[in-house]
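To start, the structure itself, in structure tokens.
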Amino acid sequence: MPHPHNHLQHGPAAAGDPGWQAWSDAWTRHVPVLTGRTDLTVTVSPGAGGGAPACFYPDTGRIEVDATHIGAPDVANPRRAGHKRLVPAAYGLLVHEAAHAAHSRWRTPPGTPRVVAAVAELLEESRIEHRQRARRRGDRRWLRHTVTTLVAGDDVPVDDPWHAAYLAALLVARVDARILTTKDIKGVRAAVTTVLGRKRLLQLREVWRQAHSLDDADAAGMIDLAWRWCVILGIDPHRQPHTPVPDPGVFAGLLAQALADYLAHTAGLTPAQYRDQQNTLRHSAPTTWTRRDPTDAERAAARHLAARLRRARTHHTEPDTRPSPIPPGRLRTRHAITAQAQAAAGSTPTATPWQRRVQLPPPKPTLHLGVIVDASYSMHPYAAPMSSAGWILAHAAHANTAVTTTIAFGSRATLLVAPRQRPHQVLELTAAGGSSAFTDAVKLADQMLQLRQPGRLRMLAVVSDGDLPDIEPAQRLITTLHRTGCAVLWLRPADLTGHTFTDTTTLAVADPVQAVAQIADAAVTALEQA
């Protein structure tokens with residue numbers, strides 16, 4: 001998990017941008033109104049903020065705001081009071097950092113364990129906003145806009161006490177700070193309570209409420225409360241001095257879903273729209289990857305696979321009954337009376353009085369197929385065939401109410417084809433670099449297709465040599481999918497050595513094109529046997 005408070009910085013200043021100098025000057029003149037201090041400067045520039053949306057440098061009295069959250073310099077006139085309504089999130093960032101400048105007057109004592117210092121800084125978030133609101137009640141409006149920029153959707157990747165408490169401190173504590181309302185974070189509170197338990201959440205709440213009452217310079221009090229926080233969570237800072245890190249072999253759970261729902265609601269989006277938006281931002285293809293029109297052979301392959309999937313859905317017939325408006329069959333009295341009444345009323349009868357026995361194909365579940373492609377340098381021969389496979393599978397699935405997605409992984413997970421998408425062109429991936437993002441790719445496929453959710457036909461196909469840097473967490477993710485009923489097909493190049501994972505059906509592939517056929521065959525077989 002990234003450090004939650006990297007907007008409190010002690011490093012060098014960001015370079016100013018002449019195009020944003022008017023904003024920097026206007027907000028520097030305005031910040032004394034927010035803080036009561038006259039020794040502060042504000043820098044607004046793209047990339048400012050030390051890696052965070054905004055930051056405060058206490059040693060130099062400098063506030064930085066990333067201009068990305070404003071947009072363009074001419075979106076508003078920063079010298080006019082009404083400009084803040086046009087950039088509420090960016091202005092809220094300025095107010096938040098001004099609250100730090102006005103009220104974060106304590107420093108972490110030397111020798112404090114890192115986990116204790118992190119908790120103290122975490123508690124400081126709602127404390128300074130509580131103090132700012134008490135001093136300037138109107139600032140609450142802008143601080144509410146800021147919460148969504150200070151909390152990231154991937155801040156709680158696992159359901160454990162540490163991350164549940166982290167989410168509680170950032171969102172639930174802001175209710176007691178009177179920035180958010182209980183209604184705002186209803187789902188978040190429920191998820192946190194499920195993970196922590198009601199008793200432990202109440203104990204943590206008592207800690208942050210005491211933090212809200214501390215003096216701005218009470219470093220000892222903040223550190224004492226941070227120690228209490230660790231004790232409540234069962235953390236011994238002497239034995240575990242560093243902040244806990246998420247287990248990469250565990251899927252996201254209730255906390256991540258609740259946070260995503262909260263962020264989607266505040267953005268005015270549905271959870272699905274928010275998820276698609278975030279996936280586009282985080283997993284879009286590099287600009288160096290090219291697109292091309294599909295070939296005639298690829299179009300033919302998509303039609304052929306679509307026909308095979310269609311036949312697989314009707315492969316076996318079973319005895320069933322079907323309603324009919326005419327005999328033969330068994331008469332259904334109620335429907336016969338309805339048909340007579342419709343005819344007497346002068347309308348066309350729609351009732352079906354007869355029921356006959358027929359041979360019908362059984363209802364088949366929707367196939368959810370995820371394909372994960374290794375984009376490391378050793379898998380270069382498979383780049384072009386698997387690029388074609390993503391396009392072929394998407395078009396064949398669209399014609400058969402199936403859902404498929406194709407994801408490449410190298411140093412990062414890249415979305416080639418999103419679920420229910422029918423791409424017009426083939427996105428050609430480039431195989432280069434390492435393979436460190438396999439676990440991210442599996443989690444992305446699970447998020448998009450709900451591969452762990454029972455009651456549906458699910459399959460994950462992986463094309464890789466298995467030479468991964470994170471074997472153990474990768475195996476645990478695969479085992480989790482296997483135990484929930486998701487079949488995992490692993491296609492490994494026959495000429496490459498690598499790790500063989502358990503709980504998978506592993507096949508050696510001699511020809512890259514053969515991998516596409518193996519995935520198609522597995523999808524057809526899964527539908528036939530469903």
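FYI, nothing fancy with the structure tokens labels: chains A, B, ... in order, residues from 1 per chain, ligands from 1 as they appear.
Backbone DSSP assigns strand (DSSP E) in segment 261-349 of chain A to Thr290, Arg291, Arg292, Glu318, Pro319, Asp320, Thr321, Arg322, Pro323, Ser324, Arg330 and Leu331 of chain A.
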Long-range neighbours of segment 244-251 of chain A as a ChimeraX atom specification, 12 Å cut-off, only C-alpha atoms, 5 positions minimum in chain: /A:1-3,114-116,118-119,154-166,230,233-237,239,256-257,436-447,450-452,470-481
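Nearest residue to Arg458 of chain A among A:Leu202, A:Ala173, A:Ala297, A:Cys486 is A:Cys486, counting only C-alpha atoms.
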Write out as a PDB file with N, CA, C and O atoms, in the first residue's frame the residues lying within 9 Å of Gly19 of chain A, counting only C-alpha atoms and excluding same-chain residues fewer than 4 positions away.
```pdb
ATOM      1  N   TRP A  23      -2.081  31.352 -11.395  1.00  0.00           N
ATOM      2  CA  TRP A  23      -2.720  30.569 -10.331  1.00  0.00           C
ATOM      3  C   TRP A  23      -1.850  30.559  -9.081  1.00  0.00           C
ATOM      4  O   TRP A  23      -2.357  30.710  -7.962  1.00  0.00           O
ATOM      5  N   SER A  45       1.257  23.694 -10.524  1.00  0.00           N
ATOM      6  CA  SER A  45       1.996  23.286 -11.716  1.00  0.00           C
ATOM      7  C   SER A  45       1.677  21.828 -12.014  1.00  0.00           C
ATOM      8  O   SER A  45       1.429  21.042 -11.079  1.00  0.00           O
ATOM      9  N   PRO A  73      -5.109  26.266 -17.657  1.00  0.00           N
ATOM     10  CA  PRO A  73      -4.980  27.544 -16.937  1.00  0.00           C
ATOM     11  C   PRO A  73      -6.137  28.503 -17.184  1.00  0.00           C
ATOM     12  O   PRO A  73      -6.459  29.329 -16.328  1.00  0.00           O
TER      13      PRO A  73
END
```
All residues 10 Å or closer to Asp39 of chain A, only C-alpha atoms, same chain fewer than 4 positions away omitted, as a PyMOL selection string: chain A and resi 28+31-32+60-62
Counting only C-alpha atoms, the option among A:Ala343, A:Met459, A:Val175, A:Ile128 closest to Ala102 of chain A: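 Ranked by minimum distance to Ala102 of chain A, first place goes to A:Ile128.
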Atom CA of Leu143 of chain A to atom CA of Trp229 of chain A, distance in Å rounded to a single decimal: 25.0 Å
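A straight line drawn from atom CA of Leu196 of chain A to atom CA of Ala169 of chain A is 12.7 Å long.
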Length of the atom CA of Ile185 of chain A to atom CA of Ile63 of chain A vector [Å]: 29.0 Å
Sel. of helix (DSSP H, G or I) residues, segment 228-379 of chain A, as a PyMOL selection string: chain A and resi 228-232+254-266+271-283+296-313+333-344+377-379
Of the listed residues A:Ala522, A:Gly433, A:Asp511, A:Ala285, that which approaches Leu305 of chain A most closely, counting only C-alpha atoms: A:Ala522
Selection: 7 Å around segment 394-405 of chain A, only C-alpha atoms, excl. self and same-chain fewer than 2 positions, as number ranges by chain: A: 302-303, 305-306, 309-310, 366-371, 390-392, 407, 417-422
Contacts of Ala99 of chain A at 7 Å (only C-alpha atoms; same-chain gap of 2+ positions) as a list in words: Thr35, Val95, His96, Glu97, Ala101, Ala102, His103, Ile128, Glu129 and Gln132 of chain A
Selection: 12 Å around Gln210 of chain A, only C-alpha atoms, excl. self and same-chain fewer than 6 positions, as a list of chain:residue names: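 Near neighbours after the sequence-gap exclusion: A:Leu123, A:Glu124, A:Ser126, A:Arg127, A:His130, A:Ala173, A:Asp176, A:Ala177, A:Gln203, A:Leu204, A:Asp218, A:Gly221, A:Met222, A:Asp224, A:Leu225, A:Ala226, A:Arg228, A:Trp229.
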Among the residues A:His100, A:Arg140, A:Arg209, A:His424, the one that comes closest to Phe56 of chain A [using only C-alpha atoms]: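 Checking each of A:His100, A:Arg140, A:Arg209, A:His424 against Phe56 of chain A, counting only C-alpha atoms, the winner is A:His100.
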